[in-house]
>>> print(open('upload.pdb').read())   # PDB, C-alpha atoms and all ligand atoms
ATOM      1  CA  MET Q 196      21.775  -2.961  15.434
ATOM      2  CA  PRO Q 197      23.706  -0.023  16.891
ATOM      3  CA  GLU Q 198      22.609   0.733  20.430
ATOM      4  CA  LEU Q 199      22.965   3.881  22.534
ATOM      5  CA  PRO Q 200      26.618   3.257  23.532
ATOM      6  CA  GLU Q 201      27.669   2.672  19.919
ATOM      7  CA  VAL Q 202      25.867   5.809  18.771
ATOM      8  CA  GLU Q 203      27.409   7.819  21.618
ATOM      9  CA  CYS Q 204      30.876   6.681  20.544
ATOM     10  CA  LEU Q 205      29.979   7.410  16.937
ATOM     11  CA  ALA Q 206      28.864  10.932  17.858
ATOM     12  CA  ARG Q 207      32.143  11.553  19.675
ATOM     13  CA  ALA Q 208      34.202  10.180  16.787
ATOM     14  CA  VAL Q 209      32.335  12.182  14.133
ATOM     15  CA  ARG Q 210      32.625  15.314  16.280
ATOM     16  CA  GLU Q 211      36.382  14.820  16.404
ATOM     17  CA  GLU Q 212      36.675  14.096  12.677
ATOM     18  CA  ILE Q 213      34.727  17.089  11.435
ATOM     19  CA  ARG Q 214      36.196  19.611  13.848
ATOM     20  CA  ASN Q 215      37.749  22.509  11.914
ATOM     21  CA  SER Q 216      36.283  21.284   8.633
ATOM     22  CA  GLN Q 217      33.508  22.404   6.307
ATOM     23  CA  PHE Q 218      30.925  20.499   4.320
ATOM     24  CA  THR Q 219      31.289  21.262   0.623
ATOM     25  CA  GLY Q 220      28.660  18.954  -0.820
ATOM     26  CA  VAL Q 221      26.326  16.023  -0.332
ATOM     27  CA  LEU Q 222      25.903  13.309  -2.950
ATOM     28  CA  PHE Q 223      22.704  11.264  -2.767
ATOM     29  CA  LEU Q 224      22.822   7.919  -4.536
ATOM     30  CA  ARG Q 225      19.149   7.142  -4.047
ATOM     31  CA  PRO Q 226      16.071   9.162  -3.122
ATOM     32  CA  ASP Q 227      15.124   7.393   0.073
ATOM     33  CA  LEU Q 228      16.124   5.282   3.049
ATOM     34  CA  ARG Q 229      13.267   4.383   5.362
ATOM     35  CA  GLU Q 230      11.591   7.471   3.933
ATOM     36  CA  PRO Q 231      12.483  10.054   1.251
ATOM     37  CA  MET Q 232      15.499  12.220   2.075
ATOM     38  CA  PRO Q 233      14.898  15.982   1.760
ATOM     39  CA  PHE Q 234      17.936  16.783  -0.380
ATOM     40  CA  ASP Q 235      17.559  20.558  -0.298
ATOM     41  CA  ALA Q 236      17.066  20.775   3.459
ATOM     42  CA  ILE Q 237      20.081  18.552   4.116
ATOM     43  CA  ARG Q 238      22.320  20.508   1.751
ATOM     44  CA  SER Q 239      21.091  23.827   3.184
ATOM     45  CA  ALA Q 240      22.010  22.772   6.705
ATOM     46  CA  LEU Q 241      25.540  21.699   5.736
ATOM     47  CA  ILE Q 242      27.066  23.267   2.665
ATOM     48  CA  GLY Q 243      29.182  26.271   3.512
ATOM     49  CA  ALA Q 244      28.129  26.009   7.132
ATOM     50  CA  THR Q 245      30.356  26.023  10.170
ATOM     51  CA  PRO Q 246      29.966  22.749  12.110
ATOM     52  CA  LEU Q 247      29.147  23.555  15.736
ATOM     53  CA  GLY Q 248      29.080  20.066  17.165
ATOM     54  CA  VAL Q 249      27.772  16.542  17.008
ATOM     55  CA  ARG Q 250      25.415  15.211  19.657
ATOM     56  CA  ARG Q 251      23.340  12.158  20.293
ATOM     57  CA  ARG Q 252      19.683  11.995  21.274
ATOM     58  CA  SER Q 253      18.615   8.401  21.892
ATOM     59  CA  LYS Q 254      20.030   6.660  18.816
ATOM     60  CA  TYR Q 255      19.864   9.729  16.595
ATOM     61  CA  LEU Q 256      23.039  11.527  15.622
ATOM     62  CA  LEU Q 257      22.605  15.310  15.471
ATOM     63  CA  ILE Q 258      25.142  17.203  13.362
ATOM     64  CA  GLU Q 259      24.706  20.849  14.247
ATOM     65  CA  THR Q 260      25.933  23.792  12.181
ATOM     66  CA  ASN Q 261      25.253  27.505  12.206
ATOM     67  CA  LEU Q 262      22.689  26.892   9.429
ATOM     68  CA  GLY Q 263      20.799  23.903  10.795
ATOM     69  CA  THR Q 264      20.859  20.387  12.194
ATOM     70  CA  VAL Q 265      21.142  17.127  10.313
ATOM     71  CA  ILE Q 266      19.347  14.239  12.025
ATOM     72  CA  LEU Q 267      20.667  10.774  11.192
ATOM     73  CA  HIS Q 268      19.696   7.297  12.388
ATOM     74  CA  LEU Q 269      21.657   4.177  11.466
ATOM     75  CA  GLY Q 270      18.589   1.940  11.510
ATOM     76  CA  MET Q 271      19.340  -1.782  11.711
ATOM     77  CA  SER Q 272      22.499  -1.970   9.656
ATOM     78  CA  GLY Q 273      23.771   1.539   8.965
ATOM     79  CA  GLN Q 274      27.435   2.518   9.093
ATOM     80  CA  LEU Q 275      29.307   5.775   8.794
ATOM     81  CA  LEU Q 276      32.801   5.589   7.348
ATOM     82  CA  PHE Q 277      35.309   8.367   6.803
ATOM     83  CA  LEU Q 278      37.122   7.569   3.566
ATOM     84  CA  ASP Q 279      39.454   9.328   1.167
ATOM     85  CA  SER Q 280      37.294   8.303  -1.773
ATOM     86  CA  PRO Q 281      34.717  10.734  -3.201
ATOM     87  CA  ASP Q 282      33.065   7.745  -4.910
ATOM     88  CA  PRO Q 283      31.221   4.827  -3.329
ATOM     89  CA  VAL Q 284      33.593   2.012  -2.443
ATOM     90  CA  LYS Q 285      31.138  -0.234  -0.619
ATOM     91  CA  PRO Q 286      27.843  -1.710  -1.774
ATOM     92  CA  HIS Q 287      24.792   0.017  -0.311
ATOM     93  CA  THR Q 288      26.472   3.420  -0.032
ATOM     94  CA  HIS Q 289      23.542   5.806  -0.211
ATOM     95  CA  VAL Q 290      24.882   9.221   0.796
ATOM     96  CA  ILE Q 291      28.369  10.737   0.602
ATOM     97  CA  PHE Q 292      29.092  13.907   2.555
ATOM     98  CA  LYS Q 293      32.050  15.870   1.176
ATOM     99  CA  LEU Q 294      34.253  17.811   3.561
ATOM    100  CA  VAL Q 295      37.371  19.905   3.468
ATOM    101  CA  ALA Q 296      39.773  20.721   6.295
ATOM    102  CA  GLY Q 297      42.407  23.170   5.138
ATOM    103  CA  LYS Q 298      43.489  21.652   1.842
ATOM    104  CA  ARG Q 299      42.540  18.078   2.732
ATOM    105  CA  PHE Q 300      39.353  16.702   1.199
ATOM    106  CA  PHE Q 301      37.643  13.770   2.857
ATOM    107  CA  TYR Q 302      34.325  12.009   2.674
ATOM    108  CA  LEU Q 303      31.781  10.625   5.102
ATOM    109  CA  HIS Q 304      29.989   7.634   3.578
ATOM    110  CA  PHE Q 305      26.571   6.542   4.854
ATOM    111  CA  ILE Q 306      26.145   2.849   4.093
ATOM    112  CA  ASP Q 307      22.949   1.004   4.942
ATOM    113  CA  PRO Q 308      22.215  -2.404   3.371
ATOM    114  CA  ARG Q 309      18.764  -2.795   4.885
ATOM    115  CA  ARG Q 310      17.751   0.842   4.500
ATOM    116  CA  PHE Q 311      16.059   1.258   7.859
ATOM    117  CA  GLY Q 312      18.234   4.308   8.391
ATOM    118  CA  ARG Q 313      16.864   7.842   8.428
ATOM    119  CA  LEU Q 314      18.275  11.165   7.323
ATOM    120  CA  THR Q 315      16.736  14.606   7.426
ATOM    121  CA  ALA Q 316      17.604  18.167   8.397
ATOM    122  CA  VAL Q 317      15.976  21.202   9.970
ATOM    123  CA  PRO Q 318      17.016  24.860   9.746
ATOM    124  CA  ALA Q 319      18.777  26.662  12.589
ATOM    125  CA  GLY Q 320      16.429  27.784  15.334
ATOM    126  CA  THR Q 321      14.113  24.772  15.020
ATOM    127  CA  ASP Q 322      12.928  23.290  18.305
ATOM    128  CA  LEU Q 323      14.401  19.797  18.035
ATOM    129  CA  SER Q 324      12.440  18.479  21.002
ATOM    130  CA  ALA Q 325       9.268  19.021  18.944
ATOM    131  CA  HIS Q 326      10.592  17.189  15.886
ATOM    132  CA  PRO Q 327       8.374  14.195  14.974
ATOM    133  CA  TRP Q 328      11.302  11.757  15.275
ATOM    134  CA  LEU Q 329      12.332  13.044  18.702
ATOM    135  CA  LYS Q 330       9.276  14.390  20.462
ATOM    136  CA  ASP Q 331       8.055  11.142  22.030
ATOM    137  CA  LEU Q 332      11.412   9.942  23.313
ATOM    138  CA  GLY Q 333      11.844   9.334  27.019
ATOM    139  CA  PRO Q 334      14.701  10.879  29.013
ATOM    140  CA  GLU Q 335      18.389  10.163  28.459
ATOM    141  CA  PRO Q 336      19.581   7.777  31.189
ATOM    142  CA  LEU Q 337      22.995   9.402  31.486
ATOM    143  CA  GLU Q 338      21.761  12.974  31.664
ATOM    144  CA  ALA Q 339      19.855  12.593  34.922
ATOM    145  CA  THR Q 340      20.849  11.641  38.434
ATOM    146  CA  ALA Q 341      20.051   8.057  39.432
ATOM    147  CA  GLU Q 342      17.660   9.544  41.986
ATOM    148  CA  SER Q 343      15.604  11.511  39.448
ATOM    149  CA  LEU Q 344      15.741   8.714  36.889
ATOM    150  CA  GLY Q 345      14.478   6.220  39.466
ATOM    151  CA  LYS Q 346      11.670   8.565  40.433
ATOM    152  CA  HIS Q 347      10.718   9.009  36.773
ATOM    153  CA  LEU Q 348      10.553   5.231  36.202
ATOM    154  CA  TRP Q 349       8.571   4.704  39.368
ATOM    155  CA  GLN Q 350       6.034   7.391  38.411
ATOM    156  CA  LYS Q 351       5.677   6.079  34.848
ATOM    157  CA  SER Q 352       5.159   2.529  36.050
ATOM    158  CA  ARG Q 353       2.315   3.008  38.519
ATOM    159  CA  ASN Q 354      -0.545   0.604  37.736
ATOM    160  CA  ARG Q 355       1.360  -0.846  34.778
ATOM    161  CA  LYS Q 356       1.030  -4.609  34.394
ATOM    162  CA  ILE Q 357       3.660  -4.868  31.654
ATOM    163  CA  ALA Q 358       6.792  -6.778  32.712
ATOM    164  CA  ILE Q 359       9.623  -4.584  33.942
ATOM    165  CA  LYS Q 360      11.996  -5.566  31.135
ATOM    166  CA  PRO Q 361       9.861  -4.473  28.159
ATOM    167  CA  PHE Q 362       8.787  -1.486  30.276
ATOM    168  CA  ILE Q 363      12.330  -0.120  30.558
ATOM    169  CA  MET Q 364      13.013  -1.010  26.905
ATOM    170  CA  ASP Q 365      10.112   1.226  25.775
ATOM    171  CA  GLY Q 366      11.767   4.310  24.268
ATOM    172  CA  LYS Q 367       8.853   6.479  25.387
ATOM    173  CA  VAL Q 368       9.630   5.565  28.996
ATOM    174  CA  LEU Q 369      13.402   5.721  28.756
ATOM    175  CA  VAL Q 370      15.872   5.630  25.869
ATOM    176  CA  GLY Q 371      18.938   3.439  25.702
ATOM    177  CA  ALA Q 372      17.922   0.267  27.560
ATOM    178  CA  GLY Q 373      18.326  -2.069  24.577
ATOM    179  CA  ASN Q 374      17.824  -5.804  24.964
ATOM    180  CA  ILE Q 375      21.301  -6.680  26.266
ATOM    181  CA  TYR Q 376      21.505  -3.645  28.540
ATOM    182  CA  ALA Q 377      18.019  -4.230  29.978
ATOM    183  CA  SER Q 378      18.859  -7.840  30.943
ATOM    184  CA  GLU Q 379      22.191  -6.826  32.431
ATOM    185  CA  SER Q 380      20.750  -3.877  34.392
ATOM    186  CA  LEU Q 381      17.961  -5.963  35.908
ATOM    187  CA  TYR Q 382      20.514  -8.557  36.963
ATOM    188  CA  LEU Q 383      22.665  -5.937  38.688
ATOM    189  CA  ALA Q 384      19.591  -4.515  40.390
ATOM    190  CA  GLY Q 385      18.405  -7.976  41.530
ATOM    191  CA  ILE Q 386      14.995  -7.554  39.903
ATOM    192  CA  ARG Q 387      13.281 -10.373  37.975
ATOM    193  CA  PRO Q 388      12.632  -9.293  34.389
ATOM    194  CA  GLY Q 389       9.117 -10.743  34.409
ATOM    195  CA  ARG Q 390       7.817  -8.783  37.396
ATOM    196  CA  ALA Q 391       5.015  -6.327  36.658
ATOM    197  CA  ALA Q 392       6.489  -2.819  36.323
ATOM    198  CA  GLY Q 393       3.808  -1.511  38.689
ATOM    199  CA  ARG Q 394       4.976  -3.905  41.405
ATOM    200  CA  VAL Q 395       8.541  -2.633  41.534
ATOM    201  CA  SER Q 396       9.072  -0.291  44.476
ATOM    202  CA  ARG Q 397      10.384   3.245  44.454
ATOM    203  CA  GLY Q 398      13.572   2.070  46.169
ATOM    204  CA  GLU Q 399      14.092  -0.713  43.640
ATOM    205  CA  TYR Q 400      13.689   1.764  40.778
ATOM    206  CA  GLY Q 401      16.441   3.843  42.340
ATOM    207  CA  VAL Q 402      18.759   0.824  42.362
ATOM    208  CA  LEU Q 403      17.701  -0.067  38.814
ATOM    209  CA  ALA Q 404      18.366   3.478  37.563
ATOM    210  CA  GLU Q 405      21.863   3.284  38.980
ATOM    211  CA  ALA Q 406      22.394  -0.132  37.336
ATOM    212  CA  ILE Q 407      21.225   1.158  33.931
ATOM    213  CA  GLN Q 408      23.646   4.076  34.183
ATOM    214  CA  LYS Q 409      26.496   1.813  35.204
ATOM    215  CA  VAL Q 410      25.923  -0.675  32.365
ATOM    216  CA  LEU Q 411      25.603   2.022  29.691
ATOM    217  CA  ALA Q 412      28.618   3.960  30.956
ATOM    218  CA  ALA Q 413      30.732   0.787  30.930
ATOM    219  CA  ALA Q 414      29.643   0.014  27.360
ATOM    220  CA  ILE Q 415      30.515   3.540  26.221
ATOM    221  CA  GLU Q 416      33.895   3.269  27.876
ATOM    222  CA  ALA Q 417      34.547  -0.127  26.272
ATOM    223  CA  GLY Q 418      33.509   1.254  22.898
ATOM    224  CA  GLY Q 419      35.523   4.417  23.149
ATOM    225  CA  THR Q 420      38.757   2.497  22.828
ATOM    226  CA  SER Q 421      37.754   0.387  19.833
ATOM    227  CA  PHE Q 422      35.571   2.815  18.009
ATOM    228  CA  ARG Q 423      38.078   4.722  15.966
ATOM    229  CA  ASP Q 424      39.102   1.462  14.342
ATOM    230  CA  TYR Q 425      35.504   0.597  13.739
ATOM    231  CA  LEU Q 426      34.915   3.937  12.114
ATOM    232  CA  HIS Q 427      38.005   3.973   9.945
ATOM    233  CA  SER Q 428      38.575   0.442   8.809
ATOM    234  CA  ASP Q 429      36.084  -2.044   7.504
ATOM    235  CA  GLY Q 430      33.107  -0.926   9.513
ATOM    236  CA  SER Q 431      32.631  -4.442  10.756
ATOM    237  CA  GLU Q 432      30.281  -4.694  13.645
ATOM    238  CA  GLY Q 433      31.482  -5.907  16.980
ATOM    239  CA  SER Q 434      29.507  -5.609  20.128
ATOM    240  CA  TYR Q 435      31.698  -4.100  22.737
ATOM    241  CA  ALA Q 436      33.769  -6.333  24.903
ATOM    242  CA  LEU Q 437      31.584  -5.889  27.915
ATOM    243  CA  GLN Q 438      31.703  -8.481  30.618
ATOM    244  CA  LEU Q 439      28.160  -9.828  30.357
ATOM    245  CA  ASN Q 440      26.707 -11.333  33.507
ATOM    246  CA  VAL Q 441      23.590 -12.996  32.137
ATOM    247  CA  TYR Q 442      22.957 -12.065  28.507
ATOM    248  CA  GLY Q 443      23.639 -15.010  26.186
ATOM    249  CA  ARG Q 444      24.767 -17.182  29.109
ATOM    250  CA  LEU Q 445      21.877 -19.696  29.268
ATOM    251  CA  GLY Q 446      22.805 -22.615  31.513
ATOM    252  CA  GLU Q 447      26.117 -21.090  32.570
ATOM    253  CA  ALA Q 448      26.791 -20.340  36.218
ATOM    254  CA  CYS Q 449      25.594 -17.052  37.708
ATOM    255  CA  ARG Q 450      28.705 -15.104  38.669
ATOM    256  CA  LYS Q 451      27.313 -14.433  42.168
ATOM    257  CA  CYS Q 452      25.556 -17.648  43.250
ATOM    258  CA  LEU Q 453      26.568 -20.242  40.615
ATOM    259  CA  SER Q 454      22.921 -21.134  39.782
ATOM    260  CA  PRO Q 455      22.424 -21.722  36.046
ATOM    261  CA  VAL Q 456      21.374 -18.610  34.125
ATOM    262  CA  GLN Q 457      17.818 -18.952  32.758
ATOM    263  CA  GLU Q 458      16.254 -17.704  29.562
ATOM    264  CA  THR Q 459      12.715 -16.506  28.880
ATOM    265  CA  ARG Q 460      11.115 -14.170  26.321
ATOM    266  CA  HIS Q 461       9.394 -10.808  26.652
ATOM    267  CA  LEU Q 462       7.702  -9.301  23.600
ATOM    268  CA  ASN Q 463       9.577 -11.925  21.601
ATOM    269  CA  ARG Q 464      13.004 -10.761  22.788
ATOM    270  CA  ALA Q 465      15.338 -13.132  24.607
ATOM    271  CA  THR Q 466      15.711 -12.339  28.287
ATOM    272  CA  TYR Q 467      18.332 -13.808  30.592
ATOM    273  CA  PHE Q 468      18.269 -13.813  34.386
ATOM    274  CA  CYS Q 469      19.302 -15.617  37.549
ATOM    275  CA  GLY Q 470      16.291 -17.122  39.316
ATOM    276  CA  THR Q 471      18.141 -17.007  42.634
ATOM    277  CA  CYS Q 472      19.637 -13.511  42.629
ATOM    278  CA  GLN Q 473      16.718 -11.725  40.969
ATOM    279  CA  LYS Q 474      13.459 -11.423  42.917
TER     280      LYS Q 474
HETATM  281 ZN    ZN O   1      22.651 -15.779  40.925
END
>>> encode(input="upload.pdb", output="structure tokens", more="lines below")
Ligand SMILES: [Zn+2]
Amino acid sequence: MPELPEVECLARAVREEIRNSQFTGVLFLRPDLREPMPFDAIRSALIGATPLGVRRRSKYLLIETNLGTVILHLGMSGQLLFLDSPDPVKPHTHVIFKLVAGKRFFYLHFIDPRRFGRLTAVPAGTDLSAHPWLKDLGPEPLEATAESLGKHLWQKSRNRKIAIKPFIMDGKVLVGAGNIYASESLYLAGIRPGRAAGRVSRGEYGVLAEAIQKVLAAAIEAGGTSFRDYLHSDGSEGSYALQLNVYGRLGEACRKCLSPVQETRHLNRATYFCGTCQK
């Protein structure tokens, strides 16, 4: 499943690709993904419009034009591929955006085998922060200082008995701390993933906020170099070549103290940690 760093790299790549181009059409090959796609709204936001930019909010890609904003989520298995073909070339191609730059026509294919993806659009001037898909999302970890992010987490966690790991993975609390990144951040911060969120101190949340930012920034940087290939070639998934300290390393030596890395589960997601370095 694409995580925040992958979607950030995707947003940057799509922004670059569609710069100085125009959407000339949208071909829908089925009526729905996770929910029905509003064909007219999507076409109205794109066709003949001037693209203004591509942004990310949580794991949503926002393609903004002077006429509106297209909101796209890759779901569990979605891919975006820029291809020269105006016709589907891969199974499970559901939407094909047609573009022109000068005299060159090219096509953005939205492929999604499991169809958990989402696609909609809103007209220009709409308050995106009030959109049903976006309104409950917590803050962006990379758009705040570590200080203010730590304060936010500390405030949100008071009297919460939920373990710290699922707490930071809750998108209403904070976006972007997916399963791998949550384990890795807690390791860097020296906090045990099973501790009650309400028992983590203000100072520890400051350290954790910094760790989350560091881990996500490193993943974005790692992805930035490989992403253009990902986008242009076969679309094969590859998690970024991050140096993982604990995730997936059950029984291997902790890189700091050499104790074996342990595994547990929180809300049915695998969690890895060092019982010596994390308190
Ligand atoms: Zn250790």
>>> residues_around(input="upload.pdb", residues="Lys356 (chain Q)", least_positions_apart="3", cutoff="9 Å", atoms="only C-alpha atoms", output="list of chain:residue names")
Q:Ser352, Q:Arg353, Q:Ile359, Q:Arg390, Q:Ala391, Q:Ala392, Q:Gly393, Q:Arg394
>>> write_last_selection(input="upload.pdb", atoms="C-alpha atoms", output="mmCIF file, in the coordinates of the input")
data_model
loop_
_atom_site.group_PDB
_atom_site.id
_atom_site.type_symbol
_atom_site.label_atom_id
_atom_site.label_comp_id
_atom_site.auth_asym_id
_atom_site.auth_seq_id
_atom_site.Cartn_x
_atom_site.Cartn_y
_atom_site.Cartn_z
ATOM 1 C CA SER Q 352 5.159 2.529 36.050
ATOM 2 C CA ARG Q 353 2.315 3.008 38.519
ATOM 3 C CA ILE Q 359 9.623 -4.584 33.942
ATOM 4 C CA ARG Q 390 7.817 -8.783 37.396
ATOM 5 C CA ALA Q 391 5.015 -6.327 36.658
ATOM 6 C CA ALA Q 392 6.489 -2.819 36.323
ATOM 7 C CA GLY Q 393 3.808 -1.511 38.689
ATOM 8 C CA ARG Q 394 4.976 -3.905 41.405
#
>>> residues_near_point(input="upload.pdb", point="(12.9, 12.0, 25.6)", cutoff="10 Å", atoms="only C-alpha atoms", output="ChimeraX atom specification")
/Q:252-253,324,329-336,366-370
>>> residues_around(input="upload.pdb", residues="Ser280 (chain Q)", least_positions_apart="6", cutoff="10 Å", atoms="all atoms listed in the file", output="tab-separated table (two decimals) with C-alpha atoms, keeping the file's coordinate frame")
chain	number	residue	atom	x	y	z
Q	291	ILE	CA	28.37	10.74	0.60
Q	293	LYS	CA	32.05	15.87	1.18
Q	300	PHE	CA	39.35	16.70	1.20
Q	301	PHE	CA	37.64	13.77	2.86
Q	302	TYR	CA	34.33	12.01	2.67
Q	303	LEU	CA	31.78	10.62	5.10
Q	304	HIS	CA	29.99	7.63	3.58
>>> residues_around(input="upload.pdb", residues="Asn261 (chain Q)", least_positions_apart="5", cutoff="8 Å", atoms="all atoms listed in the file", output="ChimeraX atom specification")
/Q:240,244-247,319
>>> closest_residue(input="upload.pdb", among="Q:Ile415, Q:Val284, Q:Ala384, Q:Leu228", to="ligand ZN 1 (chain O)", atoms="only C-alpha atoms and all ligand atoms")
Q:Ala384
>>> resolve_selection(input="upload.pdb", expression="the PyMOL selection byres (((chain Q and resi 263) around 9) and not hetatm)", output="number ranges by chain")
Q: 236-237, 239-241, 244, 258-262, 264-265, 316-321
>>> atom_distance(input="upload.pdb", atom1="CA of Gln408 (chain Q)", atom2="CA of Glu198 (chain Q)")
14.2 Å
>>> residues_near_ligand(input="upload.pdb", ligand="ligand ZN 1 (chain O)", cutoff="6 Å", atoms="only C-alpha atoms and all ligand atoms", output="PDB file with C-alpha atoms, in the coordinates of the input")
ATOM      1  CA  CYS Q 449      25.594 -17.052  37.708  1.00  0.00           C
ATOM      2  CA  LYS Q 451      27.313 -14.433  42.168  1.00  0.00           C
ATOM      3  CA  CYS Q 452      25.556 -17.648  43.250  1.00  0.00           C
ATOM      4  CA  LEU Q 453      26.568 -20.242  40.615  1.00  0.00           C
ATOM      5  CA  SER Q 454      22.921 -21.134  39.782  1.00  0.00           C
ATOM      6  CA  CYS Q 469      19.302 -15.617  37.549  1.00  0.00           C
ATOM      7  CA  THR Q 471      18.141 -17.007  42.634  1.00  0.00           C
ATOM      8  CA  CYS Q 472      19.637 -13.511  42.629  1.00  0.00           C
TER       9      CYS Q 472
END
>>> closest_residue(input="upload.pdb", among="Q:Ile266, Q:Ala206, Q:Val295, Q:Val456", to="Gly220 (chain Q)", atoms="all atoms listed in the file")
Q:Val295
>>> resolve_selection(input="upload.pdb", expression="the PyMOL selection byres (((chain Q and resi 443) around 10) and not hetatm)", output="PyMOL selection string")
chain Q and resi 375+378+439-442+444-447+456-458+465-468
>>> atom_distance(input="upload.pdb", atom1="CA of Asn463 (chain Q)", atom2="CA of Ile363 (chain Q)")
15.1 Å
>>> atom_distance(input="upload.pdb", atom1="CA of Pro233 (chain Q)", atom2="CA of Cys204 (chain Q)")
26.4 Å
>>> closest_residue(input="upload.pdb", among="Q:Tyr376, Q:Gly385, Q:Glu212, Q:Asp307", to="Leu278 (chain Q)", atoms="only C-alpha atoms")
Q:Glu212
>>> closest_residue(input="upload.pdb", among="Q:Arg299, Q:Lys285, Q:Glu338, Q:Leu462", to="Lys360 (chain Q)", atoms="only C-alpha atoms")
Q:Leu462
>>> axis_aligned_box(input="upload.pdb", around="region 210-224 of chain Q", padding_each_side="5 Å", output="lines of an AutoDock Vina configuration file")
center_x = 30.2
center_y = 15.2
center_z = 5.9
size_x = 25.0
size_y = 24.6
size_z = 30.9
>>> resolve_selection(input="upload.pdb", expression="the PyMOL selection byres (((chain Q and resi 400) around 10) and not hetatm)", output="list of chain:residue names")
Q:Ala341, Q:Glu342, Q:Leu344, Q:Gly345, Q:Lys346, Q:His347, Q:Leu348, Q:Trp349, Q:Gln350, Q:Ser352, Q:Ala384, Q:Ile386, Q:Ala392, Q:Val395, Q:Ser396, Q:Arg397, Q:Gly398, Q:Glu399, Q:Gly401, Q:Val402, Q:Leu403, Q:Ala404, Q:Glu405, Q:Ala406
>>> closest_residue(input="upload.pdb", among="Q:Ala339, Q:Phe292, Q:Glu379, Q:Pro226", to="Ile213 (chain Q)", atoms="all atoms listed in the file")
Q:Phe292
>>> residues_around(input="upload.pdb", residues="Val202 (chain Q)", least_positions_apart="5", cutoff="12 Å", atoms="all atoms listed in the file", output="mmCIF file with C-alpha atoms, keeping the file's coordinate frame")
data_model
loop_
_atom_site.group_PDB
_atom_site.id
_atom_site.type_symbol
_atom_site.label_atom_id
_atom_site.label_comp_id
_atom_site.auth_asym_id
_atom_site.auth_seq_id
_atom_site.Cartn_x
_atom_site.Cartn_y
_atom_site.Cartn_z
ATOM 1 C CA MET Q 196 21.775 -2.961 15.434
ATOM 2 C CA PRO Q 197 23.706 -0.023 16.891
ATOM 3 C CA ARG Q 207 32.143 11.553 19.675
ATOM 4 C CA ALA Q 208 34.202 10.180 16.787
ATOM 5 C CA VAL Q 209 32.335 12.182 14.133
ATOM 6 C CA ARG Q 210 32.625 15.314 16.280
ATOM 7 C CA VAL Q 249 27.772 16.542 17.008
ATOM 8 C CA ARG Q 250 25.415 15.211 19.657
ATOM 9 C CA ARG Q 251 23.340 12.158 20.293
ATOM 10 C CA ARG Q 252 19.683 11.995 21.274
ATOM 11 C CA SER Q 253 18.615 8.401 21.892
ATOM 12 C CA LYS Q 254 20.030 6.660 18.816
ATOM 13 C CA TYR Q 255 19.864 9.729 16.595
ATOM 14 C CA LEU Q 256 23.039 11.527 15.622
ATOM 15 C CA LEU Q 257 22.605 15.310 15.471
ATOM 16 C CA LEU Q 267 20.667 10.774 11.192
ATOM 17 C CA HIS Q 268 19.696 7.297 12.388
ATOM 18 C CA LEU Q 269 21.657 4.177 11.466
ATOM 19 C CA GLY Q 270 18.589 1.940 11.510
ATOM 20 C CA GLY Q 273 23.771 1.539 8.965
ATOM 21 C CA GLN Q 274 27.435 2.518 9.093
ATOM 22 C CA LEU Q 275 29.307 5.775 8.794
ATOM 23 C CA GLY Q 371 18.938 3.439 25.702
ATOM 24 C CA LEU Q 411 25.603 2.022 29.691
ATOM 25 C CA ALA Q 414 29.643 0.014 27.360
ATOM 26 C CA ILE Q 415 30.515 3.540 26.221
ATOM 27 C CA GLY Q 418 33.509 1.254 22.898
ATOM 28 C CA GLY Q 419 35.523 4.417 23.149
ATOM 29 C CA PHE Q 422 35.571 2.815 18.009
ATOM 30 C CA LEU Q 426 34.915 3.937 12.114
#
>>> decode(input="upload.pdb", residues="region 367-386 of chain Q", atoms="C-alpha atoms", output="PDB file, in the first residue's frame")
ATOM      1  CA  LYS Q 367      -7.192  11.633  12.965  1.00  0.00           C
ATOM      2  CA  VAL Q 368      -4.299  12.238  15.359  1.00  0.00           C
ATOM      3  CA  LEU Q 369      -1.558  12.548  12.770  1.00  0.00           C
ATOM      4  CA  VAL Q 370      -1.238  11.522   9.125  1.00  0.00           C
ATOM      5  CA  GLY Q 371       1.685   9.653   7.644  1.00  0.00           C
ATOM      6  CA  ALA Q 372       2.870   7.382  10.468  1.00  0.00           C
ATOM      7  CA  GLY Q 373       2.194   4.109   8.637  1.00  0.00           C
ATOM      8  CA  ASN Q 374       3.118   0.788  10.207  1.00  0.00           C
ATOM      9  CA  ILE Q 375       6.798   0.724   9.201  1.00  0.00           C
ATOM     10  CA  TYR Q 376       7.341   4.408   9.950  1.00  0.00           C
ATOM     11  CA  ALA Q 377       5.619   4.184  13.348  1.00  0.00           C
ATOM     12  CA  SER Q 378       7.869   1.293  14.466  1.00  0.00           C
ATOM     13  CA  GLU Q 379      10.987   3.029  13.196  1.00  0.00           C
ATOM     14  CA  SER Q 380      10.106   6.399  14.772  1.00  0.00           C
ATOM     15  CA  LEU Q 381       9.408   4.873  18.180  1.00  0.00           C
ATOM     16  CA  TYR Q 382      12.737   3.069  18.021  1.00  0.00           C
ATOM     17  CA  LEU Q 383      14.601   6.294  17.250  1.00  0.00           C
ATOM     18  CA  ALA Q 384      12.759   8.047  20.062  1.00  0.00           C
ATOM     19  CA  GLY Q 385      13.494   5.220  22.542  1.00  0.00           C
ATOM     20  CA  ILE Q 386       9.817   4.745  23.386  1.00  0.00           C
TER      21      ILE Q 386
END
